[in-house]
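Next up, structure-v2.cif (mmCIF, C-alpha atoms and all ligand atoms):
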data_target
loop_
_atom_site.group_PDB
_atom_site.id
_atom_site.type_symbol
_atom_site.label_atom_id
_atom_site.label_comp_id
_atom_site.auth_asym_id
_atom_site.auth_seq_id
_atom_site.Cartn_x
_atom_site.Cartn_y
_atom_site.Cartn_z
ATOM 1 C CA MET A 1 -69.686 252.554 -68.304
ATOM 2 C CA ALA A 2 -69.708 255.153 -65.555
ATOM 3 C CA LYS A 3 -66.579 255.368 -63.437
ATOM 4 C CA PRO A 4 -67.268 253.936 -59.965
ATOM 5 C CA THR A 5 -66.928 256.568 -57.274
ATOM 6 C CA ARG A 6 -64.180 256.461 -54.683
ATOM 7 C CA PHE A 7 -66.870 255.610 -52.164
ATOM 8 C CA ALA A 8 -68.504 252.844 -54.232
ATOM 9 C CA LEU A 9 -65.249 250.945 -54.601
ATOM 10 C CA LEU A 10 -64.658 250.933 -50.887
ATOM 11 C CA SER A 11 -68.203 250.398 -49.674
ATOM 12 C CA ALA A 12 -68.463 247.223 -51.740
ATOM 13 C CA PHE A 13 -65.516 246.004 -49.716
ATOM 14 C CA VAL A 14 -66.986 247.165 -46.429
ATOM 15 C CA ALA A 15 -70.363 245.552 -47.119
ATOM 16 C CA ILE A 16 -68.657 242.174 -47.344
ATOM 17 C CA LEU A 17 -67.187 242.649 -43.889
ATOM 18 C CA THR A 18 -70.311 243.954 -42.227
ATOM 19 C CA VAL A 19 -72.442 241.691 -40.086
ATOM 20 C CA PHE A 20 -75.798 243.408 -39.843
ATOM 21 C CA GLY A 21 -77.609 243.513 -36.541
ATOM 22 C CA LEU A 22 -74.528 242.995 -34.448
ATOM 23 C CA VAL A 23 -74.210 246.558 -33.268
ATOM 24 C CA THR A 24 -76.417 249.020 -31.495
ATOM 25 C CA PRO A 25 -76.110 252.732 -32.167
ATOM 26 C CA ALA A 26 -75.031 255.155 -29.512
ATOM 27 C CA THR A 27 -77.782 256.920 -27.688
ATOM 28 C CA ALA A 28 -77.520 260.677 -27.793
ATOM 29 C CA THR A 29 -76.694 262.256 -24.493
ATOM 30 C CA ARG A 30 -79.735 264.118 -23.267
ATOM 31 C CA GLY A 31 -79.886 266.918 -20.818
ATOM 32 C CA LYS A 32 -76.182 267.661 -20.553
ATOM 33 C CA ALA A 33 -75.739 271.255 -21.661
ATOM 34 C CA LEU A 34 -72.872 271.879 -24.052
ATOM 35 C CA ASP A 35 -71.135 275.238 -24.330
ATOM 36 C CA PRO A 36 -72.451 276.643 -27.631
ATOM 37 C CA ARG A 37 -69.507 279.036 -28.014
ATOM 38 C CA PRO A 38 -66.325 277.763 -26.389
ATOM 39 C CA SER A 39 -63.559 280.345 -26.664
ATOM 40 C CA ASN A 40 -60.556 279.475 -28.817
ATOM 41 C CA ALA A 41 -58.548 278.776 -25.657
ATOM 42 C CA GLU A 42 -61.321 276.536 -24.309
ATOM 43 C CA LEU A 43 -61.564 274.710 -27.630
ATOM 44 C CA THR A 44 -57.835 273.970 -27.551
ATOM 45 C CA ARG A 45 -58.069 272.785 -23.935
ATOM 46 C CA GLU A 46 -61.052 270.542 -24.705
ATOM 47 C CA LEU A 47 -59.438 268.966 -27.756
ATOM 48 C CA LEU A 48 -56.203 268.241 -25.929
ATOM 49 C CA ALA A 49 -58.190 266.822 -22.995
ATOM 50 C CA LEU A 50 -60.068 264.544 -25.408
ATOM 51 C CA GLU A 51 -56.784 263.303 -26.838
ATOM 52 C CA ARG A 52 -55.601 262.539 -23.306
ATOM 53 C CA ILE A 53 -58.696 260.873 -21.869
ATOM 54 C CA SER A 54 -59.294 258.846 -25.048
ATOM 55 C CA ARG A 55 -55.712 257.533 -24.686
ATOM 56 C CA GLY A 56 -54.963 258.640 -28.199
ATOM 57 C CA ALA A 57 -58.161 257.382 -29.869
ATOM 58 C CA VAL A 58 -58.759 261.053 -30.662
ATOM 59 C CA GLU A 59 -55.697 262.464 -32.417
ATOM 60 C CA VAL A 60 -55.399 266.228 -32.435
ATOM 61 C CA SER A 61 -53.105 268.194 -34.698
ATOM 62 C CA ALA A 62 -52.934 271.699 -36.125
ATOM 63 C CA ILE A 63 -53.354 271.777 -39.908
ATOM 64 C CA GLY A 64 -51.793 275.225 -39.867
ATOM 65 C CA LYS A 65 -52.305 278.676 -38.457
ATOM 66 C CA SER A 66 -54.896 281.339 -39.087
ATOM 67 C CA ASN A 67 -53.861 284.801 -40.212
ATOM 68 C CA GLN A 68 -53.723 285.878 -36.570
ATOM 69 C CA GLY A 69 -51.574 282.889 -35.643
ATOM 70 C CA ARG A 70 -54.214 280.684 -34.029
ATOM 71 C CA PRO A 71 -54.022 276.930 -34.647
ATOM 72 C CA VAL A 72 -56.654 275.491 -36.991
ATOM 73 C CA TRP A 73 -57.351 272.107 -35.435
ATOM 74 C CA SER A 74 -57.978 268.725 -36.946
ATOM 75 C CA ALA A 75 -59.236 266.027 -34.603
ATOM 76 C CA ARG A 76 -59.313 262.501 -35.956
ATOM 77 C CA VAL A 77 -61.054 259.459 -34.487
ATOM 78 C CA GLY A 78 -61.143 255.892 -35.751
ATOM 79 C CA ASN A 79 -58.859 254.036 -38.122
ATOM 80 C CA GLY A 80 -61.295 252.411 -40.524
ATOM 81 C CA PRO A 81 -61.029 252.442 -44.307
ATOM 82 C CA LEU A 82 -63.987 254.786 -44.906
ATOM 83 C CA ARG A 83 -62.761 258.352 -44.592
ATOM 84 C CA ILE A 84 -65.136 261.118 -43.521
ATOM 85 C CA LEU A 85 -64.264 264.795 -43.193
ATOM 86 C CA TYR A 86 -66.513 267.098 -41.169
ATOM 87 C CA ILE A 87 -65.805 270.826 -41.210
ATOM 88 C CA THR A 88 -67.296 273.272 -38.721
ATOM 89 C CA GLN A 89 -67.470 277.034 -38.463
ATOM 90 C CA GLN A 90 -65.887 278.258 -41.665
ATOM 91 C CA HIS A 91 -68.004 281.301 -40.948
ATOM 92 C CA GLY A 92 -66.881 282.593 -37.567
ATOM 93 C CA ASN A 93 -70.314 283.687 -36.389
ATOM 94 C CA GLU A 94 -71.972 280.304 -37.119
ATOM 95 C CA PRO A 95 -70.805 278.412 -34.036
ATOM 96 C CA LEU A 96 -73.052 275.431 -33.289
ATOM 97 C CA GLY A 97 -71.349 272.771 -35.417
ATOM 98 C CA THR A 98 -68.283 273.125 -33.212
ATOM 99 C CA PRO A 99 -69.777 271.925 -29.889
ATOM 100 C CA ALA A 100 -71.506 269.121 -31.837
ATOM 101 C CA ALA A 101 -68.102 268.073 -33.178
ATOM 102 C CA LEU A 102 -66.576 268.079 -29.688
ATOM 103 C CA GLU A 103 -69.398 265.883 -28.396
ATOM 104 C CA PHE A 104 -69.118 263.530 -31.392
ATOM 105 C CA LEU A 105 -65.385 263.168 -30.726
ATOM 106 C CA ARG A 106 -66.036 262.567 -27.032
ATOM 107 C CA GLN A 107 -68.706 259.904 -27.601
ATOM 108 C CA THR A 108 -66.890 258.180 -30.443
ATOM 109 C CA GLY A 109 -63.351 258.473 -29.112
ATOM 110 C CA VAL A 110 -63.772 258.057 -25.364
ATOM 111 C CA GLY A 111 -66.703 255.590 -25.486
ATOM 112 C CA LYS A 112 -65.777 251.995 -24.772
ATOM 113 C CA SER A 113 -68.965 250.267 -25.932
ATOM 114 C CA SER A 114 -68.884 247.608 -28.628
ATOM 115 C CA TYR A 115 -70.623 250.120 -30.899
ATOM 116 C CA ASN A 116 -67.904 252.724 -30.315
ATOM 117 C CA ARG A 117 -65.170 250.209 -30.994
ATOM 118 C CA TRP A 118 -66.934 248.877 -34.060
ATOM 119 C CA LEU A 119 -67.463 252.366 -35.484
ATOM 120 C CA ARG A 120 -63.808 253.265 -34.919
ATOM 121 C CA SER A 121 -62.758 250.119 -36.782
ATOM 122 C CA ARG A 122 -64.900 250.971 -39.811
ATOM 123 C CA VAL A 123 -64.456 254.697 -40.334
ATOM 124 C CA THR A 124 -61.857 257.376 -39.883
ATOM 125 C CA VAL A 125 -63.610 260.621 -39.048
ATOM 126 C CA ASP A 126 -61.481 263.733 -39.302
ATOM 127 C CA ILE A 127 -62.998 266.992 -38.145
ATOM 128 C CA VAL A 128 -61.654 270.440 -38.893
ATOM 129 C CA VAL A 129 -63.048 271.876 -35.694
ATOM 130 C CA ARG A 130 -63.654 275.610 -36.128
ATOM 131 C CA ALA A 131 -62.010 276.278 -39.459
ATOM 132 C CA ASN A 132 -62.084 280.022 -38.763
ATOM 133 C CA PRO A 133 -60.839 280.756 -35.235
ATOM 134 C CA ASP A 134 -60.128 284.424 -36.067
ATOM 135 C CA GLY A 135 -63.679 284.935 -37.336
ATOM 136 C CA HIS A 136 -64.944 283.332 -34.127
ATOM 137 C CA GLU A 137 -62.856 285.781 -32.109
ATOM 138 C CA GLN A 138 -64.229 288.735 -34.098
ATOM 139 C CA ASN A 139 -67.721 287.191 -34.120
ATOM 140 C CA TRP A 140 -67.963 287.742 -37.871
ATOM 141 C CA ARG A 141 -68.336 285.667 -40.991
ATOM 142 C CA TYR A 142 -64.947 286.299 -42.617
ATOM 143 C CA ASN A 143 -61.408 285.380 -41.744
ATOM 144 C CA TYR A 144 -59.203 288.203 -40.408
ATOM 145 C CA ASP A 145 -57.355 290.050 -43.135
ATOM 146 C CA PRO A 146 -57.570 293.847 -42.853
ATOM 147 C CA GLU A 147 -55.581 294.214 -46.109
ATOM 148 C CA ALA A 148 -58.127 292.205 -48.055
ATOM 149 C CA ASP A 149 -60.168 293.666 -50.870
ATOM 150 C CA PRO A 150 -61.683 290.364 -51.829
ATOM 151 C CA GLU A 151 -63.975 289.206 -54.599
ATOM 152 C CA PHE A 152 -65.811 287.255 -51.880
ATOM 153 C CA GLY A 153 -65.669 288.726 -48.397
ATOM 154 C CA GLN A 154 -65.485 292.254 -47.046
ATOM 155 C CA ALA A 155 -62.791 294.826 -47.729
ATOM 156 C CA GLY A 156 -60.894 295.729 -44.570
ATOM 157 C CA ARG A 157 -62.181 292.637 -42.744
ATOM 158 C CA GLY A 158 -61.352 289.467 -44.584
ATOM 159 C CA TYR A 159 -62.212 286.692 -47.005
ATOM 160 C CA ASP A 160 -65.293 284.507 -47.046
ATOM 161 C CA ILE A 161 -63.450 281.212 -46.583
ATOM 162 C CA ASN A 162 -66.309 279.230 -48.077
ATOM 163 C CA ARG A 163 -65.801 280.798 -51.511
ATOM 164 C CA TYR A 164 -62.153 279.764 -51.839
ATOM 165 C CA HIS A 165 -62.278 275.980 -52.280
ATOM 166 C CA ASP A 166 -62.038 276.155 -56.070
ATOM 167 C CA PRO A 167 -60.092 273.038 -57.158
ATOM 168 C CA ALA A 168 -58.488 275.143 -59.920
ATOM 169 C CA VAL A 169 -56.747 277.317 -57.289
ATOM 170 C CA ALA A 170 -53.688 275.709 -55.691
ATOM 171 C CA PRO A 171 -53.454 275.980 -51.895
ATOM 172 C CA GLU A 172 -50.253 278.040 -52.142
ATOM 173 C CA ASP A 173 -52.055 280.557 -54.372
ATOM 174 C CA ASN A 174 -55.160 280.682 -52.189
ATOM 175 C CA PRO A 175 -55.683 284.197 -50.822
ATOM 176 C CA ALA A 176 -57.945 282.871 -48.040
ATOM 177 C CA THR A 177 -55.405 281.297 -45.696
ATOM 178 C CA GLU A 178 -57.736 278.931 -43.856
ATOM 179 C CA ALA A 179 -59.343 277.677 -47.104
ATOM 180 C CA GLY A 180 -55.846 276.817 -48.353
ATOM 181 C CA LEU A 181 -55.225 274.850 -45.146
ATOM 182 C CA ILE A 182 -58.415 272.859 -45.695
ATOM 183 C CA GLN A 183 -57.493 272.216 -49.356
ATOM 184 C CA ARG A 184 -54.133 270.776 -48.286
ATOM 185 C CA HIS A 185 -55.751 268.731 -45.533
ATOM 186 C CA TYR A 186 -58.337 267.391 -47.976
ATOM 187 C CA ALA A 187 -55.650 266.405 -50.492
ATOM 188 C CA ALA A 188 -53.718 264.485 -47.845
ATOM 189 C CA PHE A 189 -56.777 262.743 -46.365
ATOM 190 C CA GLN A 190 -58.745 262.024 -49.592
ATOM 191 C CA PRO A 191 -62.097 261.632 -47.827
ATOM 192 C CA HIS A 192 -64.987 259.700 -49.362
ATOM 193 C CA ILE A 193 -67.441 261.977 -47.567
ATOM 194 C CA VAL A 194 -67.273 265.701 -46.707
ATOM 195 C CA VAL A 195 -69.926 267.443 -44.621
ATOM 196 C CA ASP A 196 -69.621 271.170 -43.976
ATOM 197 C CA TYR A 197 -71.612 272.601 -41.025
ATOM 198 C CA HIS A 198 -72.950 276.162 -41.172
ATOM 199 C CA MET A 199 -75.815 278.268 -39.787
ATOM 200 C CA GLN A 200 -78.543 280.197 -41.552
ATOM 201 C CA GLY A 201 -81.332 282.610 -40.585
ATOM 202 C CA ARG A 202 -84.883 281.595 -39.688
ATOM 203 C CA TYR A 203 -87.382 280.267 -42.238
ATOM 204 C CA VAL A 204 -90.710 278.469 -42.369
ATOM 205 C CA ASP A 205 -91.980 275.704 -44.603
ATOM 206 C CA ASP A 206 -95.113 275.909 -46.741
ATOM 207 C CA GLU A 207 -97.295 275.018 -43.733
ATOM 208 C CA GLY A 208 -95.762 277.775 -41.637
ATOM 209 C CA ARG A 209 -93.720 275.427 -39.436
ATOM 210 C CA GLU A 210 -90.220 276.650 -38.683
ATOM 211 C CA ILE A 211 -87.362 275.012 -40.557
ATOM 212 C CA SER A 212 -84.604 273.974 -38.156
ATOM 213 C CA ALA A 213 -82.009 272.950 -40.747
ATOM 214 C CA SER A 214 -81.394 272.978 -44.487
ATOM 215 C CA LEU A 215 -79.012 270.911 -46.558
ATOM 216 C CA MET A 216 -77.751 270.562 -50.097
ATOM 217 C CA TRP A 217 -75.518 268.414 -52.289
ATOM 218 C CA PRO A 218 -73.211 269.721 -55.049
ATOM 219 C CA THR A 219 -75.037 271.684 -57.724
ATOM 220 C CA HIS A 220 -72.052 272.429 -59.996
ATOM 221 C CA ALA A 221 -72.738 270.864 -63.405
ATOM 222 C CA ASP A 222 -69.348 269.103 -63.644
ATOM 223 C CA VAL A 223 -69.636 267.022 -60.461
ATOM 224 C CA ALA A 224 -69.714 263.339 -61.460
ATOM 225 C CA PRO A 225 -73.213 261.837 -61.259
ATOM 226 C CA GLY A 226 -72.029 259.104 -58.910
ATOM 227 C CA ASP A 227 -70.685 261.689 -56.498
ATOM 228 C CA VAL A 228 -73.915 263.695 -56.632
ATOM 229 C CA ALA A 229 -75.835 260.488 -55.920
ATOM 230 C CA LEU A 230 -73.626 259.735 -52.908
ATOM 231 C CA ALA A 231 -74.122 263.286 -51.621
ATOM 232 C CA LYS A 232 -77.879 262.824 -51.963
ATOM 233 C CA GLN A 233 -77.679 259.562 -49.997
ATOM 234 C CA ILE A 234 -75.736 261.362 -47.257
ATOM 235 C CA SER A 235 -78.356 264.120 -47.302
ATOM 236 C CA VAL A 236 -81.144 261.594 -46.797
ATOM 237 C CA VAL A 237 -79.339 260.019 -43.844
ATOM 238 C CA ALA A 238 -78.797 263.448 -42.313
ATOM 239 C CA GLN A 239 -82.378 264.518 -42.879
ATOM 240 C CA GLU A 240 -83.876 261.316 -41.483
ATOM 241 C CA SER A 241 -81.653 261.289 -38.403
ATOM 242 C CA MET A 242 -82.372 264.928 -37.596
ATOM 243 C CA THR A 243 -86.098 264.544 -38.282
ATOM 244 C CA ALA A 244 -86.270 261.578 -35.900
ATOM 245 C CA ASP A 245 -85.040 263.976 -33.235
ATOM 246 C CA GLY A 246 -87.703 266.605 -33.960
ATOM 247 C CA ALA A 247 -85.970 268.658 -36.655
ATOM 248 C CA ASN A 248 -87.729 270.100 -39.706
ATOM 249 C CA VAL A 249 -85.256 269.829 -42.583
ATOM 250 C CA SER A 250 -85.457 271.460 -46.008
ATOM 251 C CA GLN A 251 -83.274 271.737 -49.065
ATOM 252 C CA TYR A 252 -80.895 274.728 -49.044
ATOM 253 C CA PRO A 253 -81.136 277.010 -52.081
ATOM 254 C CA GLY A 254 -77.380 277.233 -52.690
ATOM 255 C CA GLY A 255 -75.480 278.323 -55.792
ATOM 256 C CA ASP A 256 -73.297 276.348 -58.168
ATOM 257 C CA TYR A 257 -70.006 278.247 -57.697
ATOM 258 C CA GLN A 258 -67.019 275.904 -57.553
ATOM 259 C CA GLY A 259 -65.377 277.813 -54.684
ATOM 260 C CA ILE A 260 -68.077 276.692 -52.250
ATOM 261 C CA ALA A 261 -66.801 273.664 -50.296
ATOM 262 C CA ARG A 262 -69.962 271.695 -51.145
ATOM 263 C CA ASN A 263 -69.195 272.050 -54.870
ATOM 264 C CA GLY A 264 -65.397 272.133 -54.725
ATOM 265 C CA TYR A 265 -65.003 268.833 -52.869
ATOM 266 C CA GLY A 266 -67.760 267.287 -54.976
ATOM 267 C CA LEU A 267 -65.720 268.182 -58.063
ATOM 268 C CA LEU A 268 -62.740 266.463 -56.455
ATOM 269 C CA GLY A 269 -64.660 263.194 -56.057
ATOM 270 C CA SER A 270 -66.194 263.188 -52.567
ATOM 271 C CA GLY A 271 -69.804 262.849 -51.522
ATOM 272 C CA SER A 272 -70.051 266.459 -50.362
ATOM 273 C CA VAL A 273 -72.892 267.978 -48.359
ATOM 274 C CA LEU A 274 -73.658 271.321 -46.742
ATOM 275 C CA ILE A 275 -75.745 271.400 -43.547
ATOM 276 C CA GLU A 276 -77.114 274.734 -42.306
ATOM 277 C CA LEU A 277 -78.546 274.849 -38.776
ATOM 278 C CA SER A 278 -81.075 277.627 -38.362
ATOM 279 C CA ASN A 279 -80.182 280.351 -35.876
ATOM 280 C CA MET A 280 -83.336 279.887 -33.783
ATOM 281 C CA GLY A 281 -82.228 281.710 -30.666
ATOM 282 C CA ALA A 282 -80.644 280.795 -27.349
ATOM 283 C CA GLU A 283 -83.497 278.581 -26.146
ATOM 284 C CA HIS A 284 -83.040 276.263 -29.141
ATOM 285 C CA GLU A 285 -79.261 276.057 -29.160
ATOM 286 C CA GLN A 286 -78.932 272.802 -27.217
ATOM 287 C CA ALA A 287 -81.450 271.110 -29.514
ATOM 288 C CA GLN A 288 -79.620 272.429 -32.565
ATOM 289 C CA ILE A 289 -76.268 271.159 -31.317
ATOM 290 C CA ARG A 290 -77.855 267.765 -30.617
ATOM 291 C CA SER A 291 -79.389 267.749 -34.088
ATOM 292 C CA ALA A 292 -75.998 268.325 -35.715
ATOM 293 C CA LEU A 293 -74.537 265.614 -33.479
ATOM 294 C CA ARG A 294 -77.249 263.184 -34.597
ATOM 295 C CA SER A 295 -76.388 263.810 -38.221
ATOM 296 C CA MET A 296 -72.647 263.342 -37.602
ATOM 297 C CA ASP A 297 -73.274 260.031 -35.890
ATOM 298 C CA ALA A 298 -75.845 258.813 -38.427
ATOM 299 C CA ILE A 299 -73.645 259.595 -41.427
ATOM 300 C CA ALA A 300 -70.667 257.812 -39.888
ATOM 301 C CA ARG A 301 -72.800 254.842 -38.840
ATOM 302 C CA SER A 302 -74.514 254.440 -42.214
ATOM 303 C CA ALA A 303 -71.178 254.588 -44.006
ATOM 304 C CA ALA A 304 -69.761 252.057 -41.553
ATOM 305 C CA ASP A 305 -72.561 249.494 -41.827
ATOM 306 C CA GLY A 306 -73.006 249.859 -45.572
ATOM 307 C CA SER A 307 -76.617 251.059 -45.349
ATOM 308 C CA LEU A 308 -75.654 254.414 -46.892
ATOM 309 C CA GLY A 309 -75.073 252.800 -50.267
ATOM 310 C CA THR A 310 -78.521 251.193 -50.281
ATOM 311 C CA ILE A 311 -80.448 254.477 -50.012
ATOM 312 C CA ASP A 312 -82.329 255.714 -53.071
ATOM 313 C CA PRO A 313 -80.710 259.078 -53.906
ATOM 314 C CA ALA A 314 -84.008 260.257 -55.388
ATOM 315 C CA LYS A 315 -85.364 260.511 -51.826
ATOM 316 C CA ALA A 316 -83.232 263.637 -51.441
ATOM 317 C CA ASP A 317 -85.160 265.349 -54.228
ATOM 318 C CA ALA A 318 -88.310 264.863 -52.140
ATOM 319 C CA ILE A 319 -86.890 266.913 -49.242
ATOM 320 C CA PRO A 320 -89.013 270.063 -49.393
ATOM 321 C CA PRO A 321 -87.569 273.402 -50.466
ATOM 322 C CA ARG A 322 -86.855 276.112 -47.905
ATOM 323 C CA GLY A 323 -89.776 278.467 -47.481
ATOM 324 C CA ALA A 324 -90.076 282.126 -46.626
ATOM 325 C CA PRO A 325 -87.944 283.936 -44.015
ATOM 326 C CA LEU A 326 -89.550 284.499 -40.639
ATOM 327 C CA PRO A 327 -90.682 288.097 -40.333
HETATM 328 ZN ZN ZN A 401 -71.992 279.777 -43.339
#
Using structure tokens, write down the structure that the file contains.
Ligand SMILES: [Zn+2]
Amino acid sequence: MAKPTRFALLSAFVAILTVFGLVTPATATRGKALDPRPSNAELTRELLALERISRGAVEVSAIGKSNQGRPVWSARVGNGPLRILYITQQHGNEPLGTPAALEFLRQTGVGKSSYNRWLRSRVTVDIVVRANPDGHEQNWRYNYDPEADPEFGQAGRGYDINRYHDPAVAPEDNPATEAGLIQRHYAAFQPHIVVDYHMQGRYVDDEGREISASLMWPTHADVAPGDVALAKQISVVAQESMTADGANVSQYPGGDYQGIARNGYGLLGSGSVLIELSNMGAEHEQAQIRSALRSMDAIARSAADGSLGTIDPAKADAIPPRGAPLP
């Protein structure tokens, strides 16, 4: 008999508690422009302000410091039994998951509606907001490590953090500082769900329509089938929520290396998903932030109400592949 996943054991419990139809989802805030690239100082100010105005419903703490001494922030909202970890901006020049995270924390943590309170009672959402503050400062992909001559990264610049989540490498031996911080944070939090937000270039689908986001579940061969299935269910929720808001979502053609967060945290027993927002230019940034926000809310909500576990994972296989790059 297959070993039940960490998520399956808990969601069976949650389903018993859930009264369907009692809650109404949050409506996404429309029209309010969000800063797509808050500076590191602004990010710190905003997180601490959220902690204050939410009266502690949003808990902010540093999981450690970057190579240049900047705090790497975790912001946690809710105290429910289902644990969800979102990660944004491992790659410093892929910013838009970060403002989506701030808005998710604001809506979920400051909101006083019955939906907000219900969600907070069902899930604990922890967000590593801007995993790579030094890379943001440099506006580059890597962390900041001029001494580095890395297997993954760029000599004289730094490591590609999203290649250093290999479960076989202990955090204290991890050459990519910020990846080691996330490994430690993961081990302490033991999330059922991990979603890692990135950005990609511009692509079209087979009909020539632009793809606004791509996603993928673990593709490493040793990830337990139950955990792959959960990641596919999460992918379907993300795809459907973003599509309802006008997005065009494809599969992401990612590799099977175990150092990629998507694979590494799948190997460790989470439902682990990568979401890549396309870099569609300044005029699309607000829509892209909102799209990421929709997915964050939908994943949390579907885990909270138990609907996530009822989704047919095979629906993820029907998400179309990513097409050609835009010229
Ligand atoms: Zn990336």
query = Exactly which residues make up the result of the PyMOL selection byres (((not hetatm)) within 7 of (chain A and resi 401)) on this file, given as a PyMOL selection string?
reply = chain A and resi 90-91+94+198-200
Once you have the residues from the selection above, write them out as an mmCIF file, keeping the file's coordinate frame, restricted to C-alpha atoms.
data_model
loop_
_atom_site.group_PDB
_atom_site.id
_atom_site.type_symbol
_atom_site.label_atom_id
_atom_site.label_comp_id
_atom_site.auth_asym_id
_atom_site.auth_seq_id
_atom_site.Cartn_x
_atom_site.Cartn_y
_atom_site.Cartn_z
ATOM 1 C CA GLN A 90 -65.887 278.258 -41.665
ATOM 2 C CA HIS A 91 -68.004 281.301 -40.948
ATOM 3 C CA GLU A 94 -71.972 280.304 -37.119
ATOM 4 C CA HIS A 198 -72.950 276.162 -41.172
ATOM 5 C CA MET A 199 -75.815 278.268 -39.787
ATOM 6 C CA GLN A 200 -78.543 280.197 -41.552
#
Of A:Ala261, A:Ala8, A:Ala298, A:Val237, the one sitting nearest A:Ile319 when using all atoms listed in the file is A:Val237
Exercise for review: Decode the PyMOL selection byres (((chain A and resi 192) around 7) and not hetatm) for the given file into explicit residues and return them as an MDAnalysis selection string.
Suggested key: chainID A and resid 6:7 82:84 190:191 193:194 270:271
Residues at most 12 Å from A:Arg70, counting all atoms listed in the file, excluding those fewer than 4 positions away in the same chain, as a count of residues only?
22
Quiz item: How many Å separate atom CA of A:Ala49 from atom CA of A:Ile182?
Solution: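 Computed distance, atom CA of A:Ala49 to atom CA of A:Ile182, equals 23.5 Å.
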Query raised in the report: Residues picked by the PyMOL selection byres (((chain A and resi 250-260) around 9) and not hetatm) here, as a ChimeraX atom specification?
Result: /A:161-168,205,211-221,239,248-249,261-265,267,274-276,316-317,319-323
Judged by only C-alpha atoms, the minimum distance to A:Ala304 among A:Phe104, A:Trp118, A:Phe152, A:Phe189 is found for A:Trp118
Near A:Glu46, counting all atoms listed in the file, which residues have an atom at most 10 Å away, once you skip same-chain residues fewer than 6 positions from it, shown as a ChimeraX atom specification?
/A:38,40,52,102,106
Atom CA of A:Arg117 to atom CA of A:Ala75, distance in Å rounded to a single decimal: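 Taking atom CA of A:Arg117 and atom CA of A:Ala75, their separation equals 17.3 Å.
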* Rank nothing, just name the residue among A:Thr88, A:Ser113, A:Asn93, A:Ser61 nearest to A:Trp140, using only C-alpha atoms. =>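 The answer is A:Asn93, which sits nearest to A:Trp140.
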Counting only C-alpha atoms, what is within 10 Å of A:Glu172, bar same-chain residues fewer than 5 positions away, as number ranges by chain? A: 177, 180-181, 183-184
